[in-house]
file start-v2.tsv (TSV, C-alpha atoms)
chain	number	residue	atom	x	y	z
Z	1	MET	CA	0.95	-11.39	7.53
Z	2	GLU	CA	-1.55	-9.28	5.64
Z	3	ARG	CA	-3.29	-12.00	3.66
Z	4	GLY	CA	-6.46	-11.09	5.53
Z	5	LEU	CA	-6.97	-8.09	3.26
Z	6	LYS	CA	-10.56	-7.92	2.13
Z	7	VAL	CA	-11.46	-9.30	-1.27
Z	8	SER	CA	-12.49	-6.41	-3.45
Z	9	THR	CA	-14.88	-6.30	-6.38
Z	10	GLU	CA	-12.52	-3.74	-7.90
Z	11	PRO	CA	-9.44	-4.67	-9.96
Z	12	LEU	CA	-6.81	-6.38	-7.85
Z	13	LEU	CA	-4.09	-3.97	-9.00
Z	14	GLY	CA	-4.27	-0.40	-10.23
Z	15	LEU	CA	-1.72	2.24	-11.21
Z	16	GLU	CA	-2.98	5.82	-11.24
Z	17	HIS	CA	-0.98	8.56	-12.99
Z	18	VAL	CA	2.35	7.01	-12.06
Z	19	SER	CA	5.55	8.79	-13.13
Z	20	LYS	CA	9.23	8.09	-12.48
Z	21	SER	CA	12.40	9.85	-13.67
Z	22	PHE	CA	16.05	8.87	-13.43
Z	23	GLY	CA	18.57	11.67	-13.82
Z	24	GLY	CA	16.15	13.78	-15.80
Z	25	VAL	CA	15.05	10.89	-18.04
Z	26	ASN	CA	11.31	10.17	-17.86
Z	27	ALA	CA	11.25	6.38	-17.56
Z	28	VAL	CA	7.50	6.31	-16.82
Z	29	ARG	CA	5.13	9.14	-17.72
Z	30	ASP	CA	1.62	9.39	-16.24
Z	31	VAL	CA	0.93	5.65	-16.53
Z	32	SER	CA	-2.50	4.36	-15.52
Z	33	PHE	CA	-3.84	0.84	-15.96
Z	34	SER	CA	-5.60	-1.81	-13.90
Z	35	VAL	CA	-5.39	-5.58	-13.63
Z	36	LYS	CA	-8.59	-7.50	-12.96
Z	37	SER	CA	-8.53	-10.26	-10.38
Z	38	GLY	CA	-8.11	-13.75	-11.82
Z	39	THR	CA	-6.63	-12.64	-15.15
Z	40	VAL	CA	-3.28	-12.72	-16.91
Z	41	HIS	CA	-2.33	-9.15	-17.86
Z	42	GLY	CA	0.57	-8.46	-20.19
Z	43	LEU	CA	2.79	-5.37	-19.98
Z	44	ILE	CA	4.73	-5.06	-23.22
Z	45	GLY	CA	6.67	-2.55	-25.28
Z	46	PRO	CA	9.97	-2.09	-27.11
Z	47	ASN	CA	13.25	-1.85	-25.22
Z	48	GLY	CA	13.34	1.23	-23.00
Z	49	ALA	CA	9.55	1.54	-22.93
Z	50	GLY	CA	9.39	1.60	-19.11
Z	51	LYS	CA	8.17	-1.94	-18.46
Z	52	THR	CA	10.76	-2.86	-15.84
Z	53	THR	CA	10.34	0.47	-14.05
Z	54	CYS	CA	6.57	-0.08	-13.83
Z	55	PHE	CA	7.20	-3.61	-12.63
Z	56	ASN	CA	9.55	-2.41	-9.91
Z	57	ILE	CA	7.10	0.29	-8.81
Z	58	VAL	CA	4.37	-2.34	-8.38
Z	59	ALA	CA	6.75	-4.59	-6.43
Z	60	GLY	CA	7.87	-1.70	-4.21
Z	61	VAL	CA	11.50	-1.90	-5.33
Z	62	THR	CA	11.36	1.54	-6.96
Z	63	PRO	CA	9.31	4.40	-5.45
Z	64	ALA	CA	7.19	6.43	-7.84
Z	65	ASP	CA	7.81	10.16	-8.10
Z	66	GLN	CA	4.11	10.77	-8.62
Z	67	GLY	CA	0.89	8.78	-8.64
Z	68	ARG	CA	-0.33	5.85	-6.57
Z	69	VAL	CA	-0.47	2.07	-6.59
Z	70	GLU	CA	-3.59	0.31	-5.34
Z	71	TYR	CA	-3.70	-3.38	-4.43
Z	72	ASN	CA	-6.87	-5.14	-3.34
Z	73	GLY	CA	-8.62	-1.85	-2.71
Z	74	LYS	CA	-5.83	-0.34	-0.61
Z	75	ASP	CA	-3.31	2.40	-1.36
Z	76	VAL	CA	0.00	0.53	-1.08
Z	77	THR	CA	2.15	3.34	-2.53
Z	78	PRO	CA	4.09	3.85	0.74
Z	79	TRP	CA	4.36	0.13	1.52
Z	80	PRO	CA	7.87	-1.41	1.46
Z	81	THR	CA	8.56	-4.56	-0.56
Z	82	SER	CA	8.34	-6.79	2.52
Z	83	ARG	CA	4.83	-5.60	3.38
Z	84	ARG	CA	3.65	-6.08	-0.21
Z	85	SER	CA	5.10	-9.58	-0.18
Z	86	SER	CA	3.27	-10.37	3.06
Z	87	ALA	CA	0.07	-9.14	1.44
Z	88	GLY	CA	0.42	-11.67	-1.37
Z	89	ILE	CA	2.53	-9.99	-4.07
Z	90	ALA	CA	5.34	-12.20	-5.40
Z	91	ARG	CA	7.75	-11.64	-8.29
Z	92	THR	CA	10.43	-13.22	-10.41
Z	93	PHE	CA	13.47	-11.36	-11.73
Z	94	GLN	CA	15.23	-10.95	-15.09
Z	95	ASN	CA	18.40	-11.97	-13.27
Z	96	ILE	CA	17.57	-15.26	-11.58
Z	97	LYS	CA	18.06	-15.23	-7.81
Z	98	LEU	CA	18.52	-18.80	-6.58
Z	99	LEU	CA	20.86	-20.35	-4.01
Z	100	ASN	CA	23.25	-21.79	-6.58
Z	101	ASP	CA	25.10	-24.11	-4.17
Z	102	PHE	CA	21.88	-25.69	-2.90
Z	103	SER	CA	19.75	-28.35	-4.55
Z	104	VAL	CA	16.45	-27.60	-6.23
Z	105	PHE	CA	14.65	-29.27	-3.33
Z	106	ASP	CA	16.54	-27.22	-0.74
Z	107	ASN	CA	15.89	-23.95	-2.61
Z	108	LEU	CA	12.17	-24.67	-2.61
Z	109	TYR	CA	12.01	-26.16	0.88
Z	110	ALA	CA	13.69	-23.05	2.31
Z	111	THR	CA	10.86	-20.97	0.87
Z	112	ALA	CA	8.17	-23.37	2.05
Z	113	ILE	CA	9.48	-23.52	5.62
Z	114	SER	CA	9.83	-19.73	5.75
Z	115	GLN	CA	6.10	-19.49	4.99
Z	116	SER	CA	5.22	-21.77	7.91
Z	117	GLY	CA	6.15	-19.22	10.56
Z	118	THR	CA	8.13	-21.77	12.57
Z	119	ALA	CA	9.80	-20.04	15.52
Z	120	TYR	CA	13.52	-20.61	16.00
Z	121	LEU	CA	13.19	-22.14	19.47
Z	122	SER	CA	10.39	-24.46	18.34
Z	123	SER	CA	12.55	-25.64	15.47
Z	124	PHE	CA	15.63	-25.99	17.68
Z	125	PHE	CA	13.86	-28.11	20.28
Z	126	ARG	CA	11.95	-30.09	17.63
Z	127	THR	CA	8.54	-29.43	19.13
Z	128	ARG	CA	5.49	-31.24	17.82
Z	129	ALA	CA	4.31	-28.07	16.04
Z	130	ALA	CA	7.71	-27.60	14.40
Z	131	ARG	CA	7.79	-31.22	13.19
Z	132	ARG	CA	4.29	-30.86	11.75
Z	133	GLN	CA	5.22	-27.67	9.92
Z	134	GLU	CA	8.37	-29.27	8.52
Z	135	THR	CA	6.30	-32.18	7.19
Z	136	GLU	CA	3.82	-29.77	5.60
Z	137	ALA	CA	6.68	-27.77	4.05
Z	138	GLN	CA	8.19	-30.96	2.59
Z	139	SER	CA	4.81	-31.96	1.14
Z	140	ALA	CA	4.31	-28.52	-0.39
Z	141	THR	CA	7.82	-28.62	-1.86
Z	142	LEU	CA	7.33	-32.05	-3.43
Z	143	ALA	CA	3.94	-31.01	-4.81
Z	144	VAL	CA	5.30	-27.94	-6.60
Z	145	ILE	CA	8.28	-29.94	-7.89
Z	146	GLU	CA	5.87	-32.40	-9.48
Z	147	ARG	CA	3.57	-29.69	-10.80
Z	148	LEU	CA	6.38	-27.90	-12.62
Z	149	GLY	CA	8.04	-31.07	-13.89
Z	150	LEU	CA	11.19	-30.65	-11.81
Z	151	GLY	CA	11.38	-34.18	-10.44
Z	152	ARG	CA	14.48	-35.18	-12.38
Z	153	TYR	CA	16.28	-32.08	-11.09
Z	154	ARG	CA	15.26	-32.43	-7.45
Z	155	ASP	CA	18.76	-33.18	-6.15
Z	156	ALA	CA	20.70	-31.14	-8.71
Z	157	LEU	CA	22.48	-27.96	-7.64
Z	158	ALA	CA	20.53	-24.94	-8.83
Z	159	GLY	CA	23.65	-23.26	-10.22
Z	160	ASP	CA	24.37	-26.25	-12.49
Z	161	LEU	CA	20.99	-26.16	-14.23
Z	162	PRO	CA	20.21	-24.68	-17.65
Z	163	ILE	CA	18.73	-21.19	-17.54
Z	164	GLY	CA	15.31	-22.42	-18.59
Z	165	ILE	CA	15.13	-24.87	-15.70
Z	166	GLN	CA	16.40	-22.25	-13.25
Z	167	ARG	CA	13.52	-20.00	-14.30
Z	168	ARG	CA	11.08	-22.81	-13.68
Z	169	VAL	CA	12.53	-23.27	-10.18
Z	170	GLU	CA	12.13	-19.55	-9.55
Z	171	ILE	CA	8.47	-19.69	-10.56
Z	172	ALA	CA	8.00	-22.72	-8.30
Z	173	ARG	CA	9.51	-20.78	-5.42
Z	174	CYS	CA	7.06	-17.92	-5.99
Z	175	LEU	CA	4.11	-20.31	-6.05
Z	176	LEU	CA	5.13	-21.67	-2.65
Z	177	THR	CA	4.40	-18.23	-1.15
Z	178	GLN	CA	0.77	-18.68	-2.25
Z	179	PRO	CA	0.58	-15.29	-3.95
Z	180	ARG	CA	-2.58	-13.48	-4.98
Z	181	LEU	CA	-0.63	-11.37	-7.48
Z	182	LEU	CA	2.35	-12.87	-9.30
Z	183	LEU	CA	4.69	-10.56	-11.21
Z	184	LEU	CA	6.49	-12.54	-13.91
Z	185	ASP	CA	9.49	-10.78	-15.45
Z	186	GLU	CA	10.39	-12.50	-18.76
Z	187	PRO	CA	9.60	-16.00	-17.46
Z	188	VAL	CA	10.51	-17.84	-20.69
Z	189	ALA	CA	13.82	-16.10	-21.40
Z	190	GLY	CA	16.44	-18.72	-22.22
Z	191	MET	CA	13.90	-21.49	-22.72
Z	192	THR	CA	13.37	-23.75	-25.71
Z	193	SER	CA	10.10	-23.50	-27.64
Z	194	ASP	CA	8.77	-26.62	-25.88
Z	195	GLU	CA	9.70	-25.24	-22.46
Z	196	SER	CA	8.06	-21.91	-23.34
Z	197	ALA	CA	4.86	-23.69	-24.31
Z	198	GLU	CA	4.85	-25.54	-20.97
Z	199	ILE	CA	5.30	-22.31	-19.00
Z	200	THR	CA	2.63	-20.59	-21.08
Z	201	ALA	CA	0.19	-23.37	-20.17
Z	202	LEU	CA	1.22	-23.09	-16.51
Z	203	ILE	CA	0.56	-19.33	-16.52
Z	204	ARG	CA	-2.92	-19.94	-17.88
Z	205	GLU	CA	-3.56	-22.62	-15.23
Z	206	MET	CA	-2.67	-20.22	-12.42
Z	207	LYS	CA	-6.05	-18.55	-12.83
Z	208	SER	CA	-7.75	-21.67	-11.51
Z	209	ASP	CA	-5.65	-21.27	-8.36
Z	210	ALA	CA	-6.96	-17.70	-7.88
Z	211	VAL	CA	-3.57	-16.26	-8.87
Z	212	THR	CA	-3.59	-13.01	-10.86
Z	213	VAL	CA	-0.57	-12.53	-13.12
Z	214	LEU	CA	1.14	-9.38	-14.40
Z	215	LEU	CA	3.47	-10.51	-17.18
Z	216	VAL	CA	6.40	-8.71	-18.79
Z	217	GLU	CA	7.64	-10.74	-21.74
Z	218	HIS	CA	9.34	-10.15	-25.10
Z	219	ASP	CA	8.16	-13.42	-26.65
Z	220	MET	CA	5.00	-12.29	-28.38
Z	221	ASN	CA	3.79	-15.85	-28.91
Z	222	VAL	CA	3.69	-16.30	-25.14
Z	223	VAL	CA	2.04	-12.91	-24.60
Z	224	MET	CA	-0.67	-13.51	-27.18
Z	225	GLU	CA	-1.44	-17.02	-25.95
Z	226	ALA	CA	-1.26	-16.39	-22.20
Z	227	CYS	CA	-2.79	-12.94	-21.69
Z	228	ASP	CA	-6.40	-11.89	-21.29
Z	229	MET	CA	-5.53	-8.18	-21.55
Z	230	ILE	CA	-2.42	-6.29	-22.64
Z	231	THR	CA	-1.11	-2.82	-21.84
Z	232	VAL	CA	1.47	-1.43	-24.26
Z	233	LEU	CA	4.11	1.10	-23.24
Z	234	ASP	CA	6.32	3.21	-25.47
Z	235	GLN	CA	8.79	5.83	-24.25
Z	236	GLY	CA	7.35	5.57	-20.75
Z	237	ALA	CA	3.69	6.13	-21.67
Z	238	VAL	CA	0.68	3.90	-22.33
Z	239	ILE	CA	-0.07	3.87	-26.06
Z	240	ALA	CA	-2.61	1.05	-26.25
Z	241	GLU	CA	-4.59	-1.38	-24.14
Z	242	GLY	CA	-6.90	-4.23	-25.04
Z	243	THR	CA	-7.28	-7.90	-25.81
Z	244	PRO	CA	-4.52	-9.77	-27.67
Z	245	SER	CA	-6.50	-9.69	-30.90
Z	246	SER	CA	-7.01	-5.91	-30.74
Z	247	ILE	CA	-3.38	-5.26	-29.80
Z	248	ARG	CA	-2.14	-7.43	-32.66
Z	249	SER	CA	-3.78	-5.12	-35.19
Z	250	ASP	CA	-3.25	-1.76	-33.47
Z	251	ASP	CA	-1.32	0.62	-35.74
Z	252	ARG	CA	0.24	2.45	-32.79
Z	253	VAL	CA	1.67	-0.80	-31.45
Z	254	LEU	CA	2.98	-1.86	-34.84
Z	255	THR	CA	4.66	1.52	-35.25
Z	256	ALA	CA	6.24	1.31	-31.79
Z	257	TYR	CA	7.70	-2.09	-32.63
Z	258	LEU	CA	8.92	-0.78	-36.00
Z	259	GLY	CA	6.98	-3.40	-37.89
Z	260	ALA	CA	7.97	-6.34	-35.68
Z	261	ASP	CA	5.78	-9.40	-36.22
Z	262	LEU	CA	3.29	-9.55	-33.34

call {"tool": "encode", "arguments": {"input": "start-v2.tsv", "output": "structure tokens"}}
result
Amino acid sequence: MERGLKVSTEPLLGLEHVSKSFGGVNAVRDVSFSVKSGTVHGLIGPNGAGKTTCFNIVAGVTPADQGRVEYNGKDVTPWPTSRRSSAGIARTFQNIKLLNDFSVFDNLYATAISQSGTAYLSSFFRTRAARRQETEAQSATLAVIERLGLGRYRDALAGDLPIGIQRRVEIARCLLTQPRLLLLDEPVAGMTSDESAEITALIREMKSDAVTVLLVEHDMNVVMEACDMITVLDQGAVIAEGTPSSIRSDDRVLTAYLGADL
């Protein structure tokens, strides 16, 4: 585990002159931006702007062709996804990745117990340490179920749930890893307006838990209400950055969205 990384006074996350091409198409072009610790930072733009590519570069899923990624004062550009995860970077996906044939509780408990570091032999022989860690994992699972309002779905199979509830389970699973940086990829997609409002409030609350959030989302109501700062991409490049109020009135952003109501 690399959670012992020093706490930096610098931004928690920084991209410096990052570029990525696919088959000659420049998906990301010389992108630089930083995310301050303890904030919710939005990454928005029209379809094909390069948001998902940037997201994947931060997560370590996609290597950058050029540039560097810094996390907590360290150059993590060469780090694989597993090492970034161990260092406290967690993410959700556009395509939800749950164990569909397992209950909500079991999906979350599996994550909680994996964080405990229980050795196989200790678990097999039911040692005192293993029993204690199982109890702690159960408590953590029940706590996050209550926090995200999933109590009524605790015993339901994940694959049988509406998309909006599945996304809530996925966020709960990420929170069980106790991340420092949480990458949320369209967290309210498929949700009702009431569900979106609940998730927006949850995202804002994460700051009190010392969780920094990088948010990719098409719902501009969520972006404007949840984010402290916003970076706007268009055709792979940064075209604007600022607070929600400044982004809302930025002519370059309005042009990129072809007059869409922000």

call {"tool": "closest_residue", "arguments": {"input": "start-v2.tsv", "among": "Z:Thr77, Z:Asn26, Z:Pro46, Z:Val144", "to": "Val253 in chain Z", "atoms": "all atoms listed in the file"}}
result
Z:Pro46

call {"tool": "closest_residue", "arguments": {"input": "start-v2.tsv", "among": "Z:Val169, Z:Gln66, Z:Val18, Z:Val222", "to": "Asp194 in chain Z", "atoms": "all atoms listed in the file"}}
result
Z:Val222

call {"tool": "residues_around", "arguments": {"input": "start-v2.tsv", "residues": "Ala64 in chain Z", "least_positions_apart": "3", "cutoff": "7 Å", "atoms": "only C-alpha atoms", "output": "list in words"}}
result
Val18, Ser19, Lys20, Ile57 and Gly67 of chain Z

call {"tool": "atom_distance", "arguments": {"input": "start-v2.tsv", "atom1": "CA of Gln133 in chain Z", "atom2": "CA of Ala112 in chain Z"}}
result
9.4 Å

call {"tool": "atom_distance", "arguments": {"input": "start-v2.tsv", "atom1": "CA of Thr52 in chain Z", "atom2": "CA of Asn72 in chain Z"}}
result
21.7 Å

call {"tool": "residues_around", "arguments": {"input": "start-v2.tsv", "residues": "Val232 in chain Z", "least_positions_apart": "6", "cutoff": "7 Å", "atoms": "all atoms listed in the file", "output": "ChimeraX atom specification"}}
result
/Z:43-45,238-241

call {"tool": "atom_distance", "arguments": {"input": "start-v2.tsv", "atom1": "CA of Asp219 in chain Z", "atom2": "CA of Ser196 in chain Z"}}
result
9.1 Å

call {"tool": "residues_around", "arguments": {"input": "start-v2.tsv", "residues": "range 80-82 of chain Z", "least_positions_apart": "3", "cutoff": "12 Å", "atoms": "all atoms listed in the file", "output": "number ranges by chain"}}
result
Z: 1-2, 56-63, 76-77, 85-91

call {"tool": "closest_residue", "arguments": {"input": "start-v2.tsv", "among": "Z:His218, Z:Tyr257, Z:Asp228, Z:Leu142", "to": "Thr243 in chain Z", "atoms": "all atoms listed in the file"}}
result
Z:Asp228

call {"tool": "closest_residue", "arguments": {"input": "start-v2.tsv", "among": "Z:Gly164, Z:Ala201, Z:Gln235, Z:Asp250", "to": "Val25 in chain Z", "atoms": "only C-alpha atoms"}}
result
Z:Gln235

call {"tool": "residues_around", "arguments": {"input": "start-v2.tsv", "residues": "Glu186 in chain Z", "least_positions_apart": "2", "cutoff": "8 Å", "atoms": "all atoms listed in the file", "output": "ChimeraX atom specification"}}
result
/Z:93-94,184,188-189,215-218

call {"tool": "write_last_selection", "arguments": {"input": "start-v2.tsv", "atoms": "C-alpha atoms", "output": "mmCIF file, in the frame of the given file"}}
result
data_model
loop_
_atom_site.group_PDB
_atom_site.id
_atom_site.type_symbol
_atom_site.label_atom_id
_atom_site.label_comp_id
_atom_site.auth_asym_id
_atom_site.auth_seq_id
_atom_site.Cartn_x
_atom_site.Cartn_y
_atom_site.Cartn_z
ATOM 1 C CA PHE Z 93 13.470 -11.360 -11.730
ATOM 2 C CA GLN Z 94 15.230 -10.950 -15.090
ATOM 3 C CA LEU Z 184 6.490 -12.540 -13.910
ATOM 4 C CA VAL Z 188 10.510 -17.840 -20.690
ATOM 5 C CA ALA Z 189 13.820 -16.100 -21.400
ATOM 6 C CA LEU Z 215 3.470 -10.510 -17.180
ATOM 7 C CA VAL Z 216 6.400 -8.710 -18.790
ATOM 8 C CA GLU Z 217 7.640 -10.740 -21.740
ATOM 9 C CA HIS Z 218 9.340 -10.150 -25.100
#

call {"tool": "closest_residue", "arguments": {"input": "start-v2.tsv", "among": "Z:Asp30, Z:Asp209, Z:Asp251, Z:Asp106", "to": "Leu182 in chain Z", "atoms": "only C-alpha atoms"}}
result
Z:Asp209

call {"tool": "closest_residue", "arguments": {"input": "start-v2.tsv", "among": "Z:Trp79, Z:Tyr71, Z:Phe55, Z:Tyr109", "to": "Thr92 in chain Z", "atoms": "only C-alpha atoms"}}
result
Z:Phe55

call {"tool": "residues_around", "arguments": {"input": "start-v2.tsv", "residues": "Val40 in chain Z", "least_positions_apart": "3", "cutoff": "12 Å", "atoms": "all atoms listed in the file", "output": "ChimeraX atom specification"}}
result
/Z:12-13,34-37,43,180-184,200-208,210-216,222-231,243-244
